[in-house]
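Peer 1: Please read through the structure below; I'll follow up with questions.
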Amino acid sequence: MKRILILSLLLISASVRLFAQHTEKAAWFKDARFGMFIHWGLYSAAEGMWKGEPLRYMNNYAEWLRYRNRVSKEEYGTLAKRFNWDKIDPEQWVLLAKEAGMKYIIITTKHHDGVALWDTKVGTYSLPKLSGSNRDVIKEIAAACRKHGMKLGFYYSHWIDWEHPYGWNHQQELSGHVTDAQYNQYWQEKVILQLRELMSNYGDIALVWFDMWIPYQKSIIKKEQLLQVVKLIRELQPNCLINSRLGLPTDADHVDFETLGDNQFGSNYIAHPWETPGTIAHSWGYNGQENEWKSTSQIFQSLISNVSLNGGFTLNIGPRADGTVPYESVSRLHEVGTWLNRYGQGIYGNTGLDLKNNHFDWGYLTTKKEQHKTIVYAHVFNWPLDHKLRITGIKSRPTHVSLANGKTLAPLKYEQQLSLIHIDLPTDQPDHYVSEVQLTFDGQLELDKNTVAESTFGGFSLKSTNSLNNDLKIVRYNGKNPTHAILTGNTKIDWEVTIPEAGTYSLDFSAHNPTQETSTFEVHVTGQQIKGSFAPTQKMVVEPNENNYTEEFVEKRIGTFKFEKPGKYIVTYTSQQTNPLWFNWMWLEKSN
């Protein structure tokens, strides 16, 4: 038994050391927080059209043109003649990333079309050979990154390859799969050899970004093949990070950071390194028909919300075949870069606060430690009309609270009750996009992780998603019905609420009752009880004359509670439901 215990302790110790090494290697990635993705290849020259026909299928991603529009390998290769090598200058992409405040670049060395951007010695299907140019764009961008202090990463499509006869393409679901032996032939004679070239010929590579969005068990790839890739990268580029879309779980041995789905942003605090890959428009590769450009404010929301949850944001651009970047991309990146030059101290090297389901309707919190103090940055998107910024969840008392105007700080007055901080703001916000309030604390922060966030104008929204319960049956927002919990049987739900001042508080209740019977329930706090009931509700019209209906969620006042003093309280909902009740929220607010 003692031997087993000693072995277990050794394994735990080794795991801790390994994770520490893993975290240290990825430290630059966590500090950077913001990077550029570049989708550029043969598809850039098609510009989303093939012989007068736009991209097929609803996702409209220009880089999928060959597959979607069923273009032959030979015809697709002729696009290389459209590249204007007199204008193509990868250093301009690096300079644009630097102006935007980005810290790393990831370029598509080989996308699903199988075309290598560099002069690969593996086969002849490369941009230099197809275009008749002796230019190696990967070599040029690597040199530019070294010159300008930019980290360089490579995107490589390992799972899908439409060029190799034994590579995977989704059409094989209908036409018949290649055999494991055939796929392994593709793997050994193309994937491994090309990755060896990329890891050997272009200096230090900061990360490799693979692109398989399902676990390897659901694909044709075998674990041994993925481990072969990991071993190759670890040997040739020991400091190079590997993303989770390799197909293996995020861990210290094989994967260094997690990549969420395309344009999928964080919803909760994640301790290990992670990022969202996102588009500045809709398509990743250049599409001449593009009309879905994201606003500068959307980019700020994407970046800052992720940093507030300990994540990063990799924002994609799609240059044209002459290397130029659309003005819509350039203008937005310049605006983001200007803001980061003034307020980047709240982004770079920052993490988030592990506050349970704590969403502020005015913006986000980020934080970083500096020597013996901790700085919290409140990024305010929605400047409160009553000029009072409400921050919930920090029990430590700040030593300074300031409003930033670039590098200039102006002191602000504030009041604090337990973990509620109310900050007095000036009438006008200093920045058009996102204004920044800084709170400085001595030492470590003491958090109140479970308390419900106070809303703008005051009041608390008690929802299924910010309760203390983890076993509720939650149905997420589907475009019509709000996020709600389906309550049946013997139900008990608790919320932790920090009341800022004594007084009488009203309680409103929002739900949908899909049955023919009235639902009854009770709400308790500090010995007080409200007995509530909710009558059956109907459907409502979403759009007229379309037979487009959805369930109606209605609200009603069910009573009041009296709080004798400020403090932390537990609000409890209980019911015994035979029939389901679709619970939306309860709203607790001080009565006038």
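Residues are named by chain letter and number: chains run A, B, ... in the order of the structure tokens, numbers start at 1 in each chain, and ligands are numbered from 1 in the order shown.
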Write out as a ChimeraX atom specification the set of residues from segment 162-391 of chain A that DSSP, computed on the backbone, places in helix (DSSP H, G or I).
Peer 2: /A:172-175,180-200,216-218,223-236,244-246,296-307,327-346
Peer 1: Taking 5 positions as the minimum chain separation for residues in the same chain, which residues sit within 12 Å of Pro54 of chain A when counting only C-alpha atoms? Answer as a list of chain:residue names.
Peer 2: A:Ala46, A:Glu47, A:Gly48, A:Met49, A:Asn59, A:Asn60, A:Tyr61, A:Ala62, A:Trp64, A:Leu65, A:Arg66, A:Arg68, A:Asn69, A:Asn287, A:Gly288, A:Gln289, A:Glu290
Peer 1: Write a file of the just-selected residues containing N, CA, C and O atoms, as a compact mmCIF listing (two decimals), in the first residue's frame.
Peer 2:
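Listed below is the output, again.txt:
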```txt
# COMPACT_ATOMS: atom_id res chain seq x y z
N ALA A 46 -9.40 33.49 -56.67
CA ALA A 46 -10.76 33.25 -57.17
C ALA A 46 -11.71 34.32 -56.67
O ALA A 46 -12.72 34.62 -57.31
N GLU A 47 -11.45 34.88 -55.50
CA GLU A 47 -12.24 35.96 -54.90
C GLU A 47 -13.70 35.57 -54.69
O GLU A 47 -14.62 36.38 -54.80
N GLY A 48 -13.92 34.27 -54.40
CA GLY A 48 -15.27 33.82 -54.09
C GLY A 48 -16.15 33.55 -55.29
O GLY A 48 -17.35 33.32 -55.13
N MET A 49 -15.57 33.55 -56.51
CA MET A 49 -16.35 33.30 -57.72
C MET A 49 -15.64 32.25 -58.57
O MET A 49 -14.40 32.24 -58.65
N ASN A 59 -22.14 28.49 -46.04
CA ASN A 59 -21.10 29.08 -45.20
C ASN A 59 -20.26 30.11 -45.95
O ASN A 59 -19.62 30.95 -45.33
N ASN A 60 -20.23 30.03 -47.29
CA ASN A 60 -19.65 31.12 -48.08
C ASN A 60 -18.19 31.42 -47.77
O ASN A 60 -17.73 32.54 -47.94
N TYR A 61 -17.44 30.44 -47.31
CA TYR A 61 -16.02 30.62 -47.04
C TYR A 61 -15.24 30.48 -48.34
O TYR A 61 -15.26 29.42 -48.97
N ALA A 62 -14.53 31.53 -48.72
CA ALA A 62 -13.86 31.56 -50.02
C ALA A 62 -12.81 30.47 -50.15
O ALA A 62 -12.55 29.98 -51.26
N TRP A 64 -12.97 27.52 -49.34
CA TRP A 64 -13.59 26.22 -49.65
C TRP A 64 -14.08 26.14 -51.10
O TRP A 64 -14.78 25.21 -51.46
N LEU A 65 -13.73 27.09 -51.92
CA LEU A 65 -14.29 27.17 -53.27
C LEU A 65 -14.04 25.89 -54.08
O LEU A 65 -14.95 25.40 -54.76
N ARG A 66 -12.82 25.37 -54.04
CA ARG A 66 -12.54 24.21 -54.87
C ARG A 66 -13.48 23.05 -54.54
O ARG A 66 -14.02 22.39 -55.44
N ARG A 68 -16.48 23.20 -52.70
CA ARG A 68 -17.90 23.54 -52.82
C ARG A 68 -18.36 23.59 -54.28
O ARG A 68 -19.45 23.15 -54.62
N ASN A 69 -17.54 24.17 -55.13
CA ASN A 69 -17.93 24.37 -56.53
C ASN A 69 -17.42 23.26 -57.44
O ASN A 69 -17.53 23.37 -58.66
N ASN A 287 -12.98 37.31 -50.26
CA ASN A 287 -14.19 37.12 -51.05
C ASN A 287 -14.61 38.49 -51.58
O ASN A 287 -14.95 39.38 -50.79
N GLY A 288 -14.58 38.65 -52.88
CA GLY A 288 -14.92 39.93 -53.49
C GLY A 288 -16.37 40.33 -53.29
O GLY A 288 -16.73 41.50 -53.48
N GLN A 289 -17.21 39.38 -52.89
CA GLN A 289 -18.63 39.66 -52.66
C GLN A 289 -18.94 39.91 -51.18
O GLN A 289 -20.10 40.00 -50.79
N GLU A 290 -17.91 40.03 -50.36
CA GLU A 290 -18.09 40.16 -48.92
C GLU A 290 -18.88 41.41 -48.56
O GLU A 290 -18.61 42.49 -49.06
```
Peer 1: Please identify every residue of segment 423-481 of chain A that has at least one atom no farther than 12 Å from an atom of segment 564-581 of chain A, counting only C-alpha atoms, and for each give the shortest atom pair and the distance in Å to one decimal, arranged by chain then increasing number, as JSON lines.
Peer 2:
```
{"residue": "A:Asp448", "atom": "CA", "partner": "A:Lys568", "partner_atom": "CA", "distance": 10.1}
{"residue": "A:Asn450", "atom": "CA", "partner": "A:Ile570", "partner_atom": "CA", "distance": 10.7}
{"residue": "A:Thr451", "atom": "CA", "partner": "A:Lys568", "partner_atom": "CA", "distance": 8.3}
{"residue": "A:Val452", "atom": "CA", "partner": "A:Lys568", "partner_atom": "CA", "distance": 10.4}
{"residue": "A:Phe460", "atom": "CA", "partner": "A:Val571", "partner_atom": "CA", "distance": 11.2}
{"residue": "A:Ser461", "atom": "CA", "partner": "A:Val571", "partner_atom": "CA", "distance": 11.7}
{"residue": "A:Leu462", "atom": "CA", "partner": "A:Val571", "partner_atom": "CA", "distance": 9.0}
{"residue": "A:Lys463", "atom": "CA", "partner": "A:Tyr573", "partner_atom": "CA", "distance": 11.2}
{"residue": "A:Ser464", "atom": "CA", "partner": "A:Tyr573", "partner_atom": "CA", "distance": 11.0}
{"residue": "A:Ser467", "atom": "CA", "partner": "A:Val571", "partner_atom": "CA", "distance": 9.6}
{"residue": "A:Leu468", "atom": "CA", "partner": "A:Ile570", "partner_atom": "CA", "distance": 9.7}
{"residue": "A:Asn469", "atom": "CA", "partner": "A:Thr572", "partner_atom": "CA", "distance": 10.9}
{"residue": "A:Lys473", "atom": "CA", "partner": "A:Pro580", "partner_atom": "CA", "distance": 11.1}
{"residue": "A:Ile474", "atom": "CA", "partner": "A:Leu581", "partner_atom": "CA", "distance": 11.9}
```
Peer 1: With N, CA, C and O atoms retained, export the selected residues as a PDB file, in the first residue's frame.
Peer 2:
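Saved result, result15.pdb, follows:
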```pdb
ATOM      1  N   ASP A 448     -15.542  37.322  -4.083  1.00  0.00           N
ATOM      2  CA  ASP A 448     -16.826  36.737  -3.701  1.00  0.00           C
ATOM      3  C   ASP A 448     -17.373  36.097  -4.974  1.00  0.00           C
ATOM      4  O   ASP A 448     -18.119  36.711  -5.728  1.00  0.00           O
ATOM      5  N   ASN A 450     -19.449  33.753  -5.961  1.00  0.00           N
ATOM      6  CA  ASN A 450     -20.782  33.245  -6.275  1.00  0.00           C
ATOM      7  C   ASN A 450     -21.881  34.290  -6.262  1.00  0.00           C
ATOM      8  O   ASN A 450     -23.018  33.990  -6.624  1.00  0.00           O
ATOM      9  N   THR A 451     -21.591  35.506  -5.828  1.00  0.00           N
ATOM     10  CA  THR A 451     -22.647  36.496  -5.680  1.00  0.00           C
ATOM     11  C   THR A 451     -23.136  36.988  -7.037  1.00  0.00           C
ATOM     12  O   THR A 451     -22.359  37.096  -7.995  1.00  0.00           O
ATOM     13  N   VAL A 452     -24.418  37.276  -7.138  1.00  0.00           N
ATOM     14  CA  VAL A 452     -25.031  37.710  -8.394  1.00  0.00           C
ATOM     15  C   VAL A 452     -24.606  39.149  -8.699  1.00  0.00           C
ATOM     16  O   VAL A 452     -24.603  40.011  -7.810  1.00  0.00           O
ATOM     17  N   PHE A 460     -31.034  43.082  -9.214  1.00  0.00           N
ATOM     18  CA  PHE A 460     -30.345  41.807  -9.396  1.00  0.00           C
ATOM     19  C   PHE A 460     -31.235  40.857 -10.185  1.00  0.00           C
ATOM     20  O   PHE A 460     -32.393  40.634  -9.823  1.00  0.00           O
ATOM     21  N   SER A 461     -30.695  40.303 -11.258  1.00  0.00           N
ATOM     22  CA  SER A 461     -31.414  39.337 -12.076  1.00  0.00           C
ATOM     23  C   SER A 461     -30.984  37.939 -11.655  1.00  0.00           C
ATOM     24  O   SER A 461     -29.835  37.538 -11.871  1.00  0.00           O
ATOM     25  N   LEU A 462     -31.911  37.204 -11.014  1.00  0.00           N
ATOM     26  CA  LEU A 462     -31.631  35.857 -10.524  1.00  0.00           C
ATOM     27  C   LEU A 462     -32.059  34.857 -11.591  1.00  0.00           C
ATOM     28  O   LEU A 462     -33.240  34.666 -11.849  1.00  0.00           O
ATOM     29  N   LYS A 463     -31.056  34.246 -12.234  1.00  0.00           N
ATOM     30  CA  LYS A 463     -31.312  33.371 -13.377  1.00  0.00           C
ATOM     31  C   LYS A 463     -30.820  31.959 -13.090  1.00  0.00           C
ATOM     32  O   LYS A 463     -30.068  31.723 -12.143  1.00  0.00           O
ATOM     33  N   SER A 464     -31.185  31.044 -13.943  1.00  0.00           N
ATOM     34  CA  SER A 464     -30.694  29.668 -13.785  1.00  0.00           C
ATOM     35  C   SER A 464     -29.185  29.613 -13.955  1.00  0.00           C
ATOM     36  O   SER A 464     -28.510  28.768 -13.361  1.00  0.00           O
ATOM     37  N   SER A 467     -27.187  30.893 -10.570  1.00  0.00           N
ATOM     38  CA  SER A 467     -27.577  30.319  -9.283  1.00  0.00           C
ATOM     39  C   SER A 467     -26.409  29.511  -8.717  1.00  0.00           C
ATOM     40  O   SER A 467     -25.368  29.325  -9.372  1.00  0.00           O
ATOM     41  N   LEU A 468     -26.601  29.008  -7.505  1.00  0.00           N
ATOM     42  CA  LEU A 468     -25.588  28.159  -6.875  1.00  0.00           C
ATOM     43  C   LEU A 468     -25.753  26.696  -7.262  1.00  0.00           C
ATOM     44  O   LEU A 468     -24.983  25.849  -6.829  1.00  0.00           O
ATOM     45  N   ASN A 469     -26.748  26.403  -8.098  1.00  0.00           N
ATOM     46  CA  ASN A 469     -27.057  25.018  -8.477  1.00  0.00           C
ATOM     47  C   ASN A 469     -26.368  24.647  -9.783  1.00  0.00           C
ATOM     48  O   ASN A 469     -26.280  25.457 -10.700  1.00  0.00           O
ATOM     49  N   LYS A 473     -31.894  21.731 -15.368  1.00  0.00           N
ATOM     50  CA  LYS A 473     -32.062  21.418 -16.790  1.00  0.00           C
ATOM     51  C   LYS A 473     -32.242  22.741 -17.537  1.00  0.00           C
ATOM     52  O   LYS A 473     -33.342  23.294 -17.579  1.00  0.00           O
ATOM     53  N   ILE A 474     -31.151  23.226 -18.123  1.00  0.00           N
ATOM     54  CA  ILE A 474     -31.148  24.556 -18.746  1.00  0.00           C
ATOM     55  C   ILE A 474     -31.266  24.415 -20.259  1.00  0.00           C
ATOM     56  O   ILE A 474     -30.552  23.636 -20.884  1.00  0.00           O
TER      57      ILE A 474
END
```
Peer 1: I'd like the interatomic distance between atom CA of Leu241 of chain A and atom CA of Asn306 of chain A, to a tenth of an Å.
Peer 2: 19.6 Å
Peer 1: Which residue, A:Val230, A:Ala144, A:Leu365, A:Ile221, has the smallest gap to Asp253 of chain A when you use only C-alpha atoms?
Peer 2: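 Of all the options, A:Val230 lies closest to Asp253 of chain A.
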Peer 1: At a cut-off of 7 Å, using only C-alpha atoms, what residues contact Thr520 of chain A? Leave out same-chain residues fewer than 6 positions from it and give the result as a VMD selection string.
Peer 2: chain A and resid 532 to 534 575
Peer 1: Take the residues just selected and output them with N, CA, C and O atoms as a short mmCIF file (atom, residue, chain, number, x, y, z; two decimals), in the first residue's frame.
Peer 2:
```
data_model
loop_
_atom_site.label_atom_id
_atom_site.label_comp_id
_atom_site.auth_asym_id
_atom_site.auth_seq_id
_atom_site.Cartn_x
_atom_site.Cartn_y
_atom_site.Cartn_z
N GLY A 532 -45.92 32.31 -4.24
CA GLY A 532 -46.23 32.78 -5.58
C GLY A 532 -46.99 31.76 -6.40
O GLY A 532 -47.00 30.57 -6.08
N SER A 533 -47.64 32.23 -7.43
CA SER A 533 -48.34 31.34 -8.36
C SER A 533 -48.18 31.88 -9.77
O SER A 533 -47.99 33.09 -9.97
N PHE A 534 -48.24 30.96 -10.73
CA PHE A 534 -48.06 31.37 -12.12
C PHE A 534 -49.08 30.64 -12.98
O PHE A 534 -49.07 29.41 -13.09
N SER A 575 -40.25 24.54 -4.99
CA SER A 575 -41.54 24.15 -5.56
C SER A 575 -41.61 22.64 -5.65
O SER A 575 -40.59 21.94 -5.62
#
```
Peer 1: Mind pulling up the distance from atom CA of Tyr364 of chain A to atom CA of Leu588 of chain A?
Peer 2: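 The value is 22.4 Å.
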Peer 1: If you count only C-alpha atoms, which residues fall within 9 Å of Ala453 of chain A, apart from same-chain ones fewer than 5 positions away, as a ChimeraX atom specification?
Peer 2: /A:357-360,390-393,420,459-461,466,497-498
Peer 1: Print the selection's residues with N, CA, C and O atoms to a file, as a JSON list (two decimals), in the first residue's frame.
Peer 2:
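Below is the file that was written, part.json:
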```json
[["chain", "number", "residue", "atom", "x", "y", "z"],
["A", 357, "ASN", "N", -20.21, 32.90, -13.33],
["A", 357, "ASN", "CA", -21.31, 33.42, -14.15],
["A", 357, "ASN", "C", -21.52, 34.91, -13.94],
["A", 357, "ASN", "O", -22.65, 35.39, -13.87],
["A", 358, "ASN", "N", -20.43, 35.64, -13.81],
["A", 358, "ASN", "CA", -20.55, 37.05, -13.45],
["A", 358, "ASN", "C", -20.44, 37.89, -14.71],
["A", 358, "ASN", "O", -19.35, 38.10, -15.24],
["A", 359, "HIS", "N", -21.56, 38.31, -15.19],
["A", 359, "HIS", "CA", -21.59, 39.10, -16.43],
["A", 359, "HIS", "C", -22.08, 40.50, -16.12],
["A", 359, "HIS", "O", -23.18, 40.70, -15.62],
["A", 360, "PHE", "N", -21.24, 41.48, -16.40],
["A", 360, "PHE", "CA", -21.62, 42.88, -16.18],
["A", 360, "PHE", "C", -22.24, 43.43, -17.46],
["A", 360, "PHE", "O", -21.70, 43.23, -18.56],
["A", 390, "ARG", "N", -21.15, 49.99, -11.27],
["A", 390, "ARG", "CA", -21.37, 48.99, -10.23],
["A", 390, "ARG", "C", -20.54, 47.74, -10.53],
["A", 390, "ARG", "O", -20.75, 47.09, -11.56],
["A", 391, "ILE", "N", -19.63, 47.43, -9.63],
["A", 391, "ILE", "CA", -18.77, 46.25, -9.77],
["A", 391, "ILE", "C", -19.07, 45.31, -8.62],
["A", 391, "ILE", "O", -19.02, 45.69, -7.45],
["A", 392, "THR", "N", -19.37, 44.06, -8.95],
["A", 392, "THR", "CA", -19.74, 43.06, -7.96],
["A", 392, "THR", "C", -18.70, 41.95, -7.92],
["A", 392, "THR", "O", -18.24, 41.50, -8.97],
["A", 393, "GLY", "N", -18.36, 41.51, -6.71],
["A", 393, "GLY", "CA", -17.56, 40.29, -6.58],
["A", 393, "GLY", "C", -16.17, 40.46, -6.01],
["A", 393, "GLY", "O", -15.47, 39.48, -5.82],
["A", 420, "LEU", "N", -19.61, 44.81, -3.11],
["A", 420, "LEU", "CA", -20.20, 45.74, -4.08],
["A", 420, "LEU", "C", -19.40, 47.04, -4.06],
["A", 420, "LEU", "O", -19.23, 47.65, -3.01],
["A", 459, "GLY", "N", -30.37, 46.65, -8.92],
["A", 459, "GLY", "CA", -31.23, 45.50, -9.15],
["A", 459, "GLY", "C", -30.42, 44.26, -9.48],
["A", 459, "GLY", "O", -29.27, 44.34, -9.95],
["A", 460, "PHE", "N", -31.03, 43.08, -9.21],
["A", 460, "PHE", "CA", -30.35, 41.81, -9.40],
["A", 460, "PHE", "C", -31.24, 40.86, -10.18],
["A", 460, "PHE", "O", -32.39, 40.63, -9.82],
["A", 461, "SER", "N", -30.70, 40.30, -11.26],
["A", 461, "SER", "CA", -31.41, 39.34, -12.08],
["A", 461, "SER", "C", -30.98, 37.94, -11.66],
["A", 461, "SER", "O", -29.84, 37.54, -11.87],
["A", 466, "ASN", "N", -26.89, 31.89, -13.07],
["A", 466, "ASN", "CA", -26.06, 32.48, -12.02],
["A", 466, "ASN", "C", -26.47, 32.02, -10.62],
["A", 466, "ASN", "O", -26.14, 32.64, -9.63],
["A", 497, "VAL", "N", -26.92, 36.83, -2.95],
["A", 497, "VAL", "CA", -27.10, 38.22, -3.34],
["A", 497, "VAL", "C", -26.50, 39.12, -2.26],
["A", 497, "VAL", "O", -26.74, 38.91, -1.06],
["A", 498, "THR", "N", -25.75, 40.11, -2.67],
["A", 498, "THR", "CA", -25.20, 41.09, -1.74],
["A", 498, "THR", "C", -26.04, 42.36, -1.83],
["A", 498, "THR", "O", -26.03, 43.05, -2.86]]
```
Peer 1: Just the strand (DSSP E or B) stuff from segment 247-485 of chain A, please, per backbone DSSP, written as a ChimeraX atom specification.
Peer 2: /A:251,255,257-259,274-279,312-317,351,360,363-370,373-380,388-392,394,400-405,408-411,414-417,420-424,435-442,447,451,454,460-463,474-475,484-485
Peer 1: What would the file look like if the residues just selected were written as a compact mmCIF listing (two decimals), in the first residue's frame with C-alpha atoms?
Peer 2:
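Output contents, as saved in selection-v2.txt:
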```txt
# COMPACT_ATOMS: atom_id res chain seq x y z
CA ASP A 251 -2.78 18.69 -21.86
CA VAL A 255 -1.36 20.16 -26.69
CA PHE A 257 -3.41 25.67 -25.84
CA GLU A 258 -7.07 25.17 -26.62
CA THR A 259 -8.67 26.56 -29.75
CA TRP A 274 -6.98 29.22 -24.90
CA GLU A 275 -8.01 31.39 -27.83
CA THR A 276 -10.81 32.12 -30.26
CA PRO A 277 -10.06 32.23 -33.99
CA GLY A 278 -12.34 34.85 -35.51
CA THR A 279 -12.99 36.62 -38.78
CA GLY A 312 -7.03 35.38 -26.31
CA PHE A 313 -8.27 36.39 -29.73
CA THR A 314 -6.71 35.56 -33.10
CA LEU A 315 -8.31 37.84 -35.70
CA ASN A 316 -8.20 36.85 -39.36
CA ILE A 317 -7.59 38.92 -42.47
CA THR A 351 -6.11 37.60 -17.13
CA PHE A 360 -21.62 42.88 -16.18
CA GLY A 363 -18.51 45.66 -19.93
CA TYR A 364 -15.73 43.41 -18.59
CA LEU A 365 -13.02 43.14 -15.94
CA THR A 366 -9.39 42.18 -16.60
CA THR A 367 -6.56 42.08 -14.10
CA LYS A 368 -2.81 41.69 -13.65
CA LYS A 369 -0.33 41.65 -10.79
CA GLU A 370 2.45 44.19 -10.48
CA LYS A 373 -0.23 45.07 -5.92
CA THR A 374 -3.06 43.95 -8.17
CA ILE A 375 -4.65 46.17 -10.80
CA VAL A 376 -8.20 45.55 -12.02
CA TYR A 377 -9.28 47.20 -15.27
CA ALA A 378 -12.97 47.85 -15.80
CA HIS A 379 -13.54 48.12 -19.56
CA VAL A 380 -16.74 50.13 -19.89
CA LYS A 388 -22.42 55.10 -11.33
CA LEU A 389 -20.32 52.07 -12.21
CA ARG A 390 -21.37 48.99 -10.23
CA ILE A 391 -18.77 46.25 -9.77
CA THR A 392 -19.74 43.06 -7.96
CA ILE A 394 -14.42 41.93 -5.13
CA HIS A 400 -6.92 53.90 -5.64
CA VAL A 401 -9.71 54.15 -8.21
CA SER A 402 -8.95 56.16 -11.34
CA LEU A 403 -10.35 56.98 -14.76
CA ALA A 404 -7.83 56.51 -17.56
CA ASN A 405 -7.57 58.94 -20.45
CA THR A 408 -3.35 60.01 -17.71
CA LEU A 409 -5.21 58.93 -14.57
CA ALA A 410 -7.82 61.02 -12.75
CA PRO A 411 -8.99 59.90 -9.26
CA TYR A 414 -16.30 55.35 -4.70
CA GLU A 415 -18.27 53.54 -2.00
CA GLN A 416 -17.99 49.88 -1.04
CA GLN A 417 -20.39 47.57 0.76
CA LEU A 420 -20.20 45.74 -4.08
CA ILE A 421 -18.20 48.71 -5.34
CA HIS A 422 -20.04 51.81 -6.61
CA ILE A 423 -17.81 54.24 -8.52
CA ASP A 424 -18.85 57.82 -9.35
CA SER A 435 -13.35 53.59 -21.55
CA GLU A 436 -11.16 52.24 -18.79
CA VAL A 437 -11.45 52.54 -15.01
CA GLN A 438 -8.48 51.28 -12.98
CA LEU A 439 -8.75 49.88 -9.46
CA THR A 440 -5.53 49.27 -7.52
CA PHE A 441 -5.35 46.81 -4.62
CA ASP A 442 -2.60 45.84 -2.22
CA LEU A 447 -13.18 37.50 -4.31
CA THR A 451 -22.65 36.50 -5.68
CA GLU A 454 -25.62 44.01 -9.70
CA PHE A 460 -30.35 41.81 -9.40
CA SER A 461 -31.41 39.34 -12.08
CA LEU A 462 -31.63 35.86 -10.52
CA LYS A 463 -31.31 33.37 -13.38
CA ILE A 474 -31.15 24.56 -18.75
CA VAL A 475 -32.35 25.24 -22.30
CA HIS A 484 -34.49 29.14 -19.19
CA ALA A 485 -34.61 26.20 -16.77
```
Peer 1: Find the spatial neighbours of Thr296 of chain A, counting only C-alpha atoms, within a cut-off of 10 Å - ignore same-chain residues fewer than 6 positions away - and output them as a PyMOL selection string.
Peer 2: chain A and resi 280+302+329+331-336+433
Peer 1: With distances taken over only C-alpha atoms, which residue among A:Phe553, A:Phe29, A:Tyr67, A:Tyr216 lies nearest Leu152 of chain A?
Peer 2: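 The answer is A:Phe29, which sits nearest to Leu152 of chain A.
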Peer 1: Measuring atom to atom with only C-alpha atoms, identify which of A:Gln237, A:Ser295, A:Ser244, A:Asn169 is nearest to Met199 of chain A.
Peer 2: A:Gln237
Peer 1: List the neighbours of Val122 of chain A out to 9 Å using only C-alpha atoms; skip same-chain residues closer than 2 positions along the sequence, and give me the result as a count of residues only.
Peer 2: 9
Peer 1: Find, counting only C-alpha atoms, the residue in A:Ile270, A:Ile214, A:Leu246, A:Leu117 that gets nearest to Arg135 of chain A.
Peer 2: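 Checking each of A:Ile270, A:Ile214, A:Leu246, A:Leu117 against Arg135 of chain A, counting only C-alpha atoms, the winner is A:Leu117.
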Peer 1: Can you list every residue of segment 147-205 of chain A that has an atom at most 10 Å from segment 70-93 of chain A, with its nearest atom pair and the distance in Å to one decimal, using only C-alpha atoms, ordered by chain then number, as a Markdown table?
Peer 2:
```
| residue | atom | partner | partner_atom | distance |
| --- | --- | --- | --- | --- |
| A:Lys147 | CA | A:Glu91 | CA | 9.3 |
| A:His148 | CA | A:Glu91 | CA | 9.1 |
| A:Trp162 | CA | A:Lys73 | CA | 8.2 |
| A:Glu163 | CA | A:Lys73 | CA | 6.7 |
| A:His164 | CA | A:Lys73 | CA | 9.9 |
```
Peer 1: I'd like the neighbourhood of Gly559 of chain A as a ChimeraX atom specification, where a residue qualifies if any of its atoms comes within 10 Å (using only C-alpha atoms), though same-chain residues fewer than 6 positions away should be ignored.
Peer 2: /A:505-509,523,529-532
Peer 1: From the set A:Ala97, A:Gln444, A:Glu589, A:Thr338, which residue has the shortest atom-to-atom contact distance to Asp431 of chain A, counting only C-alpha atoms?
Peer 2: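 Between A:Ala97, A:Gln444, A:Glu589, A:Thr338, the residue approaching Asp431 of chain A most closely is A:Thr338.
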